[in-house]
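Below is structure-v8.pdb, which holds PDB, C-alpha atoms and all ligand atoms.
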```pdb
ATOM      1  CA  SER A  64      23.777  28.643  -7.506
ATOM      2  CA  THR A  65      26.263  29.988  -4.964
ATOM      3  CA  GLY A  66      29.226  27.993  -3.765
ATOM      4  CA  ASP A  67      27.720  27.979  -0.294
ATOM      5  CA  GLU A  68      24.769  25.855  -1.317
ATOM      6  CA  GLY A  69      27.032  23.374  -3.040
ATOM      7  CA  ALA A  70      29.150  22.977   0.072
ATOM      8  CA  GLN A  71      26.193  22.216   2.329
ATOM      9  CA  ALA A  72      25.935  18.553   3.322
ATOM     10  CA  GLY A  73      23.043  16.811   1.643
ATOM     11  CA  SER A  74      22.283  19.699  -0.670
ATOM     12  CA  GLY A  75      21.690  19.053  -4.332
ATOM     13  CA  GLY A  76      24.280  21.715  -5.017
ATOM     14  CA  ASP A  77      22.198  23.082  -7.887
ATOM     15  CA  GLY A  78      19.110  24.067  -5.966
ATOM     16  CA  ALA A  79      17.639  20.599  -6.267
ATOM     17  CA  ILE A  80      15.614  19.323  -3.296
ATOM     18  CA  THR A  81      17.354  16.288  -1.815
ATOM     19  CA  VAL A  82      14.833  13.615  -0.890
ATOM     20  CA  GLY A  83      15.558  10.438   1.056
ATOM     21  CA  TYR A  84      12.807   7.958   0.191
ATOM     22  CA  SER A  85      12.372   4.747   2.166
ATOM     23  CA  GLN A  86      10.092   2.406   0.240
ATOM     24  CA  LEU A  87       8.928  -0.578   2.290
ATOM     25  CA  GLY A  88       9.429  -3.255  -0.344
ATOM     26  CA  ALA A  89       8.553  -4.663  -3.754
ATOM     27  CA  GLU A  90       5.979  -7.195  -2.565
ATOM     28  CA  SER A  91       3.126  -6.567  -4.981
ATOM     29  CA  GLY A  92       1.998  -5.174  -8.317
ATOM     30  CA  TRP A  93       0.638  -2.191  -6.408
ATOM     31  CA  ARG A  94       4.046  -1.516  -4.874
ATOM     32  CA  THR A  95       5.826  -1.784  -8.222
ATOM     33  CA  ALA A  96       3.408   0.727  -9.755
ATOM     34  CA  ASN A  97       3.808   3.023  -6.753
ATOM     35  CA  THR A  98       7.617   2.939  -6.929
ATOM     36  CA  GLU A  99       7.459   3.700 -10.646
ATOM     37  CA  SER A 100       5.144   6.649 -10.070
ATOM     38  CA  VAL A 101       7.427   8.032  -7.322
ATOM     39  CA  LYS A 102      10.581   7.661  -9.431
ATOM     40  CA  GLN A 103       8.937   9.193 -12.497
ATOM     41  CA  ASN A 104       8.007  12.305 -10.576
ATOM     42  CA  LEU A 105      10.960  12.899  -8.235
ATOM     43  CA  THR A 106      13.394  13.414 -11.119
ATOM     44  CA  ALA A 107      16.322  15.785 -11.663
ATOM     45  CA  ASP A 108      14.482  17.758 -14.344
ATOM     46  CA  LYS A 109      11.607  18.302 -11.932
ATOM     47  CA  GLY A 110      14.048  19.693  -9.354
ATOM     48  CA  PHE A 111      14.778  16.695  -7.129
ATOM     49  CA  LYS A 112      17.796  14.665  -6.141
ATOM     50  CA  LEU A 113      16.311  11.352  -5.012
ATOM     51  CA  THR A 114      17.909   8.659  -2.878
ATOM     52  CA  PHE A 115      15.521   5.692  -3.047
ATOM     53  CA  VAL A 116      15.998   2.673  -0.763
ATOM     54  CA  ASP A 117      13.872  -0.517  -0.837
ATOM     55  CA  ALA A 118      13.576  -2.157   2.609
ATOM     56  CA  GLN A 119      12.396  -5.589   1.394
ATOM     57  CA  GLN A 120       9.514  -5.547   3.890
ATOM     58  CA  LYS A 121      11.887  -5.375   6.885
ATOM     59  CA  GLN A 122      11.382  -2.606   9.429
ATOM     60  CA  GLU A 123      15.030  -2.775  10.556
ATOM     61  CA  ASN A 124      16.118  -1.959   6.979
ATOM     62  CA  GLN A 125      13.779   1.011   6.925
ATOM     63  CA  ILE A 126      15.074   2.336  10.233
ATOM     64  CA  LYS A 127      18.638   2.041   8.948
ATOM     65  CA  ALA A 128      17.769   3.909   5.745
ATOM     66  CA  LEU A 129      16.050   6.676   7.718
ATOM     67  CA  ARG A 130      19.126   7.075   9.953
ATOM     68  CA  ASP A 131      21.327   7.269   6.860
ATOM     69  CA  PHE A 132      19.097  10.063   5.512
ATOM     70  CA  VAL A 133      19.547  11.959   8.792
ATOM     71  CA  ALA A 134      23.330  11.503   8.559
ATOM     72  CA  GLN A 135      23.216  12.809   4.974
ATOM     73  CA  ASP A 136      21.093  15.740   6.133
ATOM     74  CA  VAL A 137      18.653  15.461   3.236
ATOM     75  CA  ASP A 138      16.124  18.269   2.757
ATOM     76  CA  VAL A 139      13.020  16.072   3.059
ATOM     77  CA  ILE A 140      12.409  12.473   4.156
ATOM     78  CA  ALA A 141       9.545  10.553   2.584
ATOM     79  CA  PHE A 142       8.650   7.069   3.706
ATOM     80  CA  SER A 143       6.085   4.354   3.538
ATOM     81  CA  PRO A 144       6.140   2.396   6.816
ATOM     82  CA  VAL A 145       5.856  -1.396   6.573
ATOM     83  CA  VAL A 146       4.017  -1.575   9.942
ATOM     84  CA  GLU A 147       2.419   1.100  12.133
ATOM     85  CA  THR A 148       4.402   0.808  15.380
ATOM     86  CA  GLY A 149       8.090   0.807  16.351
ATOM     87  CA  TRP A 150       9.097   4.172  14.876
ATOM     88  CA  ASP A 151       9.291   6.308  18.018
ATOM     89  CA  ASP A 152      13.092   6.524  18.338
ATOM     90  CA  VAL A 153      13.888   7.148  14.697
ATOM     91  CA  LEU A 154      11.051   9.648  14.250
ATOM     92  CA  GLN A 155      12.351  11.565  17.270
ATOM     93  CA  GLU A 156      15.862  11.559  15.765
ATOM     94  CA  ILE A 157      14.530  12.928  12.476
ATOM     95  CA  LYS A 158      12.564  15.587  14.333
ATOM     96  CA  ASP A 159      15.622  16.590  16.391
ATOM     97  CA  ALA A 160      17.572  16.941  13.143
ATOM     98  CA  GLY A 161      14.877  19.316  11.864
ATOM     99  CA  ILE A 162      14.115  17.301   8.719
ATOM    100  CA  PRO A 163      10.475  17.388   7.594
ATOM    101  CA  VAL A 164       8.760  14.023   7.012
ATOM    102  CA  VAL A 165       6.215  13.295   4.298
ATOM    103  CA  LEU A 166       4.396  10.075   5.115
ATOM    104  CA  VAL A 167       3.409   8.049   2.070
ATOM    105  CA  ASP A 168       0.782   5.313   1.696
ATOM    106  CA  ARG A 169       0.747   3.427   5.034
ATOM    107  CA  THR A 170       0.339   5.111   8.405
ATOM    108  CA  VAL A 171       2.271   5.259  11.704
ATOM    109  CA  ASP A 172       1.182   4.896  15.313
ATOM    110  CA  THR A 173       3.708   6.776  17.457
ATOM    111  CA  LYS A 174       4.144   8.633  20.727
ATOM    112  CA  VAL A 175       6.211  11.333  18.977
ATOM    113  CA  SER A 176       4.150  14.489  18.610
ATOM    114  CA  ASP A 177       3.746  15.935  15.096
ATOM    115  CA  PRO A 178       5.862  13.135  13.596
ATOM    116  CA  PHE A 179       5.136  14.151   9.994
ATOM    117  CA  VAL A 180       4.126  17.296   8.123
ATOM    118  CA  THR A 181       1.708  15.644   5.757
ATOM    119  CA  HIS A 182       0.388  12.214   4.703
ATOM    120  CA  ILE A 183      -0.685  11.138   1.219
ATOM    121  CA  GLY A 184      -2.372   7.804   0.577
ATOM    122  CA  SER A 185      -5.609   5.858   0.597
ATOM    123  CA  ASP A 186      -8.429   5.578   3.074
ATOM    124  CA  PHE A 187      -7.880   1.882   3.848
ATOM    125  CA  LYS A 188     -10.824   1.657   6.175
ATOM    126  CA  ALA A 189     -13.145   2.980   3.442
ATOM    127  CA  GLU A 190     -11.720   0.325   1.097
ATOM    128  CA  GLY A 191     -12.615  -2.400   3.600
ATOM    129  CA  THR A 192     -16.082  -0.911   4.042
ATOM    130  CA  LYS A 193     -16.696  -0.903   0.270
ATOM    131  CA  ALA A 194     -15.722  -4.582   0.083
ATOM    132  CA  GLY A 195     -18.000  -5.361   3.034
ATOM    133  CA  ASP A 196     -20.927  -3.477   1.506
ATOM    134  CA  TRP A 197     -20.635  -5.515  -1.706
ATOM    135  CA  VAL A 198     -20.637  -8.766   0.261
ATOM    136  CA  LYS A 199     -23.622  -7.676   2.322
ATOM    137  CA  GLN A 200     -25.567  -6.882  -0.880
ATOM    138  CA  ASN A 201     -24.438  -9.807  -3.029
ATOM    139  CA  ALA A 202     -23.427 -12.688  -0.778
ATOM    140  CA  PRO A 203     -25.078 -12.310   2.619
ATOM    141  CA  ASP A 204     -24.708 -16.047   3.323
ATOM    142  CA  ALA A 205     -21.061 -16.381   2.286
ATOM    143  CA  LYS A 206     -18.699 -18.053   4.724
ATOM    144  CA  ILE A 207     -15.606 -15.923   4.488
ATOM    145  CA  PHE A 208     -11.910 -16.581   4.970
ATOM    146  CA  GLU A 209     -10.024 -13.289   5.346
ATOM    147  CA  LEU A 210      -6.563 -13.248   3.769
ATOM    148  CA  GLN A 211      -4.801 -10.511   5.699
ATOM    149  CA  GLY A 212      -1.945  -8.310   4.546
ATOM    150  CA  THR A 213       1.251  -7.802   6.559
ATOM    151  CA  LEU A 214       0.100  -7.982  10.187
ATOM    152  CA  GLY A 215       0.318  -4.637  11.938
ATOM    153  CA  SER A 216       0.444  -2.630   8.704
ATOM    154  CA  GLY A 217      -1.985   0.235   8.285
ATOM    155  CA  ALA A 218      -3.374  -1.414   5.154
ATOM    156  CA  GLN A 219      -4.136  -4.659   7.031
ATOM    157  CA  VAL A 220      -5.452  -3.144  10.250
ATOM    158  CA  ASP A 221      -7.777  -0.623   8.609
ATOM    159  CA  ARG A 222      -9.090  -2.795   5.744
ATOM    160  CA  GLU A 223      -9.951  -5.477   8.271
ATOM    161  CA  GLU A 224     -11.647  -2.974  10.569
ATOM    162  CA  GLY A 225     -13.716  -1.534   7.717
ATOM    163  CA  PHE A 226     -14.707  -4.939   6.319
ATOM    164  CA  ASP A 227     -15.404  -6.636   9.644
ATOM    165  CA  ALA A 228     -17.575  -3.736  10.790
ATOM    166  CA  VAL A 229     -19.983  -4.619   7.961
ATOM    167  CA  VAL A 230     -19.792  -8.426   7.592
ATOM    168  CA  GLY A 231     -17.470  -9.581  10.384
ATOM    169  CA  SER A 232     -20.080 -12.091  11.579
ATOM    170  CA  GLN A 233     -19.606 -13.984   8.282
ATOM    171  CA  VAL A 234     -15.829 -14.351   8.737
ATOM    172  CA  ILE A 235     -14.985 -17.934   9.763
ATOM    173  CA  GLY A 236     -11.181 -17.671   9.715
ATOM    174  CA  LYS A 237      -8.221 -15.372   9.073
ATOM    175  CA  ALA A 238      -4.547 -15.710   8.222
ATOM    176  CA  SER A 239      -1.866 -13.438   6.791
ATOM    177  CA  GLY A 240      -0.312 -13.785   3.358
ATOM    178  CA  ASN A 241       2.005 -10.787   3.876
ATOM    179  CA  PHE A 242       0.666  -9.107   0.686
ATOM    180  CA  THR A 243       2.601 -11.515  -1.592
ATOM    181  CA  ARG A 244       1.361 -14.010  -4.176
ATOM    182  CA  ALA A 245       3.469 -16.895  -2.804
ATOM    183  CA  GLU A 246       2.312 -16.465   0.791
ATOM    184  CA  GLY A 247      -1.263 -15.878  -0.366
ATOM    185  CA  ARG A 248      -1.121 -19.276  -2.019
ATOM    186  CA  THR A 249       0.272 -21.142   1.012
ATOM    187  CA  ALA A 250      -2.125 -19.414   3.413
ATOM    188  CA  THR A 251      -5.045 -20.424   1.162
ATOM    189  CA  GLU A 252      -3.823 -24.025   0.898
ATOM    190  CA  ALA A 253      -3.876 -24.246   4.687
ATOM    191  CA  ALA A 254      -7.260 -22.493   4.879
ATOM    192  CA  LEU A 255      -8.848 -24.912   2.412
ATOM    193  CA  GLN A 256      -7.948 -27.685   4.863
ATOM    194  CA  ALA A 257      -8.907 -25.780   8.010
ATOM    195  CA  TYR A 258     -12.184 -24.288   6.725
ATOM    196  CA  PRO A 259     -13.613 -26.748   4.162
ATOM    197  CA  ASP A 260     -16.977 -24.951   4.217
ATOM    198  CA  MET A 261     -15.621 -21.556   3.119
ATOM    199  CA  THR A 262     -17.404 -20.037   0.124
ATOM    200  CA  MET A 263     -15.545 -16.733  -0.147
ATOM    201  CA  ILE A 264     -12.141 -15.163   0.368
ATOM    202  CA  PHE A 265     -11.747 -11.502   1.197
ATOM    203  CA  THR A 266      -8.134 -10.745   0.340
ATOM    204  CA  HIS A 267      -6.401  -7.525   1.412
ATOM    205  CA  ASN A 268      -4.659  -7.298  -1.987
ATOM    206  CA  ASP A 269      -4.776  -8.687  -5.536
ATOM    207  CA  ASP A 270      -1.449 -10.498  -5.372
ATOM    208  CA  MET A 271      -2.548 -12.685  -2.456
ATOM    209  CA  GLY A 272      -5.860 -13.228  -4.271
ATOM    210  CA  LEU A 273      -3.986 -14.463  -7.342
ATOM    211  CA  GLY A 274      -2.059 -16.865  -5.089
ATOM    212  CA  ALA A 275      -5.428 -17.991  -3.702
ATOM    213  CA  VAL A 276      -6.662 -18.671  -7.262
ATOM    214  CA  GLU A 277      -3.704 -21.016  -7.768
ATOM    215  CA  ALA A 278      -4.418 -22.838  -4.499
ATOM    216  CA  ILE A 279      -8.150 -23.178  -5.229
ATOM    217  CA  GLU A 280      -7.534 -24.499  -8.747
ATOM    218  CA  ALA A 281      -4.893 -26.931  -7.456
ATOM    219  CA  ALA A 282      -7.549 -28.240  -5.029
ATOM    220  CA  GLY A 283      -9.869 -28.911  -7.992
ATOM    221  CA  LYS A 284     -12.281 -26.070  -7.236
ATOM    222  CA  LYS A 285     -13.377 -23.069  -9.280
ATOM    223  CA  PRO A 286     -12.318 -19.623  -8.055
ATOM    224  CA  GLY A 287     -15.098 -17.075  -8.551
ATOM    225  CA  THR A 288     -17.775 -19.782  -8.406
ATOM    226  CA  ASP A 289     -17.103 -22.450  -5.754
ATOM    227  CA  ILE A 290     -15.125 -19.905  -3.799
ATOM    228  CA  GLN A 291     -15.781 -16.252  -4.551
ATOM    229  CA  ILE A 292     -12.953 -13.739  -4.260
ATOM    230  CA  VAL A 293     -13.276 -10.103  -3.181
ATOM    231  CA  SER A 294     -10.060  -8.118  -3.416
ATOM    232  CA  VAL A 295      -8.375  -4.723  -3.065
ATOM    233  CA  ASP A 296      -5.926  -2.882  -5.390
ATOM    234  CA  ALA A 297      -7.149  -3.287  -9.009
ATOM    235  CA  VAL A 298      -3.769  -3.812 -10.622
ATOM    236  CA  ARG A 299      -4.015  -5.187 -14.159
ATOM    237  CA  ASP A 300      -3.564  -8.853 -13.107
ATOM    238  CA  GLY A 301      -6.343  -8.455 -10.560
ATOM    239  CA  LEU A 302      -8.688  -6.882 -13.094
ATOM    240  CA  GLN A 303      -7.804  -9.638 -15.581
ATOM    241  CA  ALA A 304      -8.933 -12.171 -12.959
ATOM    242  CA  LEU A 305     -12.189 -10.196 -12.712
ATOM    243  CA  VAL A 306     -12.795 -10.369 -16.486
ATOM    244  CA  ASP A 307     -11.925 -14.065 -16.361
ATOM    245  CA  LYS A 308     -14.589 -14.432 -13.622
ATOM    246  CA  LYS A 309     -12.064 -15.756 -11.092
ATOM    247  CA  PHE A 310     -12.408 -12.630  -8.928
ATOM    248  CA  ASN A 311     -15.886 -11.305  -8.124
ATOM    249  CA  TYR A 312     -15.288  -7.746  -6.938
ATOM    250  CA  VAL A 313     -12.270  -5.463  -6.657
ATOM    251  CA  VAL A 314     -11.955  -2.248  -4.642
ATOM    252  CA  GLU A 315      -9.410   0.079  -6.182
ATOM    253  CA  CYS A 316      -6.358   1.279  -4.264
ATOM    254  CA  ASN A 317      -4.585   3.936  -6.306
ATOM    255  CA  PRO A 318      -0.732   3.814  -6.355
ATOM    256  CA  ALA A 319      -0.206   6.501  -9.008
ATOM    257  CA  PHE A 320       0.091   9.625  -6.865
ATOM    258  CA  GLY A 321       3.749  10.474  -7.529
ATOM    259  CA  ASP A 322       2.808  13.801  -9.141
ATOM    260  CA  GLN A 323       0.799  14.881  -6.093
ATOM    261  CA  LEU A 324       3.653  13.713  -3.861
ATOM    262  CA  ALA A 325       6.179  15.812  -5.804
ATOM    263  CA  GLU A 326       4.010  18.922  -5.362
ATOM    264  CA  LEU A 327       3.657  18.257  -1.630
ATOM    265  CA  ILE A 328       7.407  17.814  -1.164
ATOM    266  CA  LYS A 329       8.087  21.102  -2.972
ATOM    267  CA  LYS A 330       5.667  22.959  -0.746
ATOM    268  CA  VAL A 331       6.958  21.315   2.428
ATOM    269  CA  HIS A 332      10.520  22.235   1.470
ATOM    270  CA  ALA A 333       9.473  25.828   0.772
ATOM    271  CA  GLY A 334       7.741  25.999   4.154
ATOM    272  CA  GLU A 335       4.337  26.553   2.542
ATOM    273  CA  ASP A 336       1.096  25.341   4.081
ATOM    274  CA  VAL A 337      -0.011  21.859   3.065
ATOM    275  CA  PRO A 338      -3.052  19.831   4.073
ATOM    276  CA  LYS A 339      -2.333  17.346   6.870
ATOM    277  CA  GLU A 340      -3.952  14.626   4.790
ATOM    278  CA  THR A 341      -4.326  13.990   1.040
ATOM    279  CA  VAL A 342      -6.634  11.065   0.237
ATOM    280  CA  VAL A 343      -6.237   9.735  -3.300
ATOM    281  CA  GLU A 344      -9.269   9.026  -5.462
ATOM    282  CA  GLU A 345     -10.422   5.448  -5.964
ATOM    283  CA  THR A 346     -13.315   3.482  -7.422
ATOM    284  CA  THR A 347     -14.609  -0.122  -7.488
ATOM    285  CA  PHE A 348     -14.947  -2.773 -10.204
ATOM    286  CA  ASP A 349     -17.283  -5.740 -10.676
ATOM    287  CA  GLN A 350     -17.525  -8.426 -13.359
ATOM    288  CA  THR A 351     -19.135  -6.001 -15.830
ATOM    289  CA  ILE A 352     -15.617  -4.691 -16.534
ATOM    290  CA  THR A 353     -14.516  -5.230 -20.155
ATOM    291  CA  GLN A 354     -11.285  -6.673 -21.533
ATOM    292  CA  ALA A 355     -10.629  -3.308 -23.213
ATOM    293  CA  GLN A 356     -10.744  -1.559 -19.830
ATOM    294  CA  VAL A 357      -8.294  -4.089 -18.416
ATOM    295  CA  ASP A 358      -5.944  -3.714 -21.380
ATOM    296  CA  ALA A 359      -5.966   0.059 -20.925
ATOM    297  CA  ARG A 360      -4.924  -0.234 -17.293
ATOM    298  CA  PRO A 361      -1.505   1.461 -16.991
ATOM    299  CA  TYR A 362      -0.148  -0.863 -14.253
TER     300      TYR A 362
HETATM  301  O1  LIG B 401      -2.696  -2.653  -1.201
HETATM  302  C1  LIG B 401      -0.689  -3.899  -1.324
HETATM  303  C2  LIG B 401       0.693  -3.528  -0.976
HETATM  304  O2  LIG B 401       0.013  -0.294   1.429
HETATM  305  C3  LIG B 401      -1.762   0.210  -0.042
HETATM  306  O3  LIG B 401       0.555  -2.623   0.096
HETATM  307  C4  LIG B 401      -0.553  -0.564   0.188
HETATM  308  C5  LIG B 401      -0.720  -2.072   0.058
HETATM  309  C6  LIG B 401      -1.323  -2.561  -1.230
HETATM  310  O4  LIG B 401       1.507  -4.584  -0.736
HETATM  311  O5  LIG B 401      -0.756  -4.499  -2.568
END
```
As structure tokens, the full file:
Amino acid sequence: STGDEGAQAGSGGDGAITVGYSQLGAESGWRTANTESVKQNLTADKGFKLTFVDAQQKQENQIKALRDFVAQDVDVIAFSPVVETGWDDVLQEIKDAGIPVVLVDRTVDTKVSDPFVTHIGSDFKAEGTKAGDWVKQNAPDAKIFELQGTLGSGAQVDREEGFDAVVGSQVIGKASGNFTRAEGRTATEAALQAYPDMTMIFTHNDDMGLGAVEAIEAAGKKPGTDIQIVSVDAVRDGLQALVDKKFNYVVECNPAFGDQLAELIKKVHAGEDVPKETVVEETTFDQTITQAQVDARPY
């Protein structure tokens, strides 16, 4: 490499692509697996110099990290927004600085035009629809409490829209558990009091569903039987609950797209054409899943 490159602010100095990555938090098994996949693929030997910052589910922390990345003049910014709105100013600043943005996992809702080059993640609405279709087929009389993810996040808004479009008339109550096990438990404890006739929980992720299992068992009821649980993610703990017949159905949300992300970032940095949208592949699981399949789950 020439001395010039090394002197440039934010440059890897050795031809490496400098990436500022703002992860929204470490709230769930999904997120942990996603962070691992990102870190495993944005490595020095693959040509990256990664600055990774965890925002602990606080938008203000994410905005600060993004501004730091602008100040450092990184080559590419990648981020996973905790909620959809509130990014206008910082996205405009990034755009003015000429730094390309790769949006990861959750989506943004902004007035800034062309705020990102490319987005990679799941079709959350399709996930909600798949959950709704299962309920319609298998439990058309269920009285459903919907355990929502972080309010205003793409994953919450779209899963709810997809699910409610199919079986919204069966939903008797909703509350957020912020995608964490602890808050999923407390939200379910309150719901068991408020909606004593509920027969099903649709949870926007496995971790909250596992918190719900604790609350249901503490109330002397049987999860999976007295109160059915339909979930999203399919991390190993969620699939274990399915084998144990405490969950009834799980829609997969795939966190392991770090390799695809690395390829996208390389192309974006090189100025090559990339698709506006990359939707990761996902499946569904019911109680026919075997213990061997669960044990083989990588995350
Ligand atoms: O489903 C949940 C996590 O945005 C897809 O965030 C992600 C969601 C995932 O907290 O477990």
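Using only C-alpha atoms and all ligand atoms as the basis for the distance check, residues found within 6 Å of ligand LIG 401 (chain B) are A:Glu90, A:Ser91, A:Trp93, A:Arg94, A:Asp168, A:Arg169, A:Ala218, A:Phe242, A:Asn268, A:Asp296.
The residue that comes closest to Val306 of chain A, out of A:Gly283, A:Ala319, A:His267, A:Ala355 and on the basis of all atoms listed in the file, is A:Ala355.
We find atom CA of Gln303 of chain A and atom CA of Thr353 of chain A to be spaced 9.2 Å apart.
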> Excluding same-chain residues fewer than 6 positions from Tyr362 of chain A, what lies within 9 Å of it counting only C-alpha atoms, as number ranges by chain?
Replying inline: A: 92-93, 95-96, 298-300
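On the file presented, the PyMOL selection byres (((chain A and resi 184) around 8) and not hetatm) picks out Val167, Asp168, Arg169, His182, Ile183, Ser185, Asp186, Thr341, Val342 and Val343 of chain A.
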Which residues of segment 152-193 of chain A come within 10 Å of segment 123-130 of chain A, and what is each one's closest atom pair and distance in Å (one decimal), counting only C-alpha atoms, sorted by chain and residue number, as a Markdown table?
```
| residue | atom | partner | partner_atom | distance |
| --- | --- | --- | --- | --- |
| A:Asp152 | CA | A:Ile126 | CA | 9.3 |
| A:Val153 | CA | A:Ile126 | CA | 6.7 |
| A:Leu154 | CA | A:Leu129 | CA | 8.7 |
| A:Glu156 | CA | A:Arg130 | CA | 8.0 |
| A:Ile157 | CA | A:Arg130 | CA | 7.9 |
```
> Which one of A:Lys112, A:His332, A:Arg244, A:Arg360 sits closest to Ala297 of chain A if you count only C-alpha atoms?
Replying inline: A:Arg360
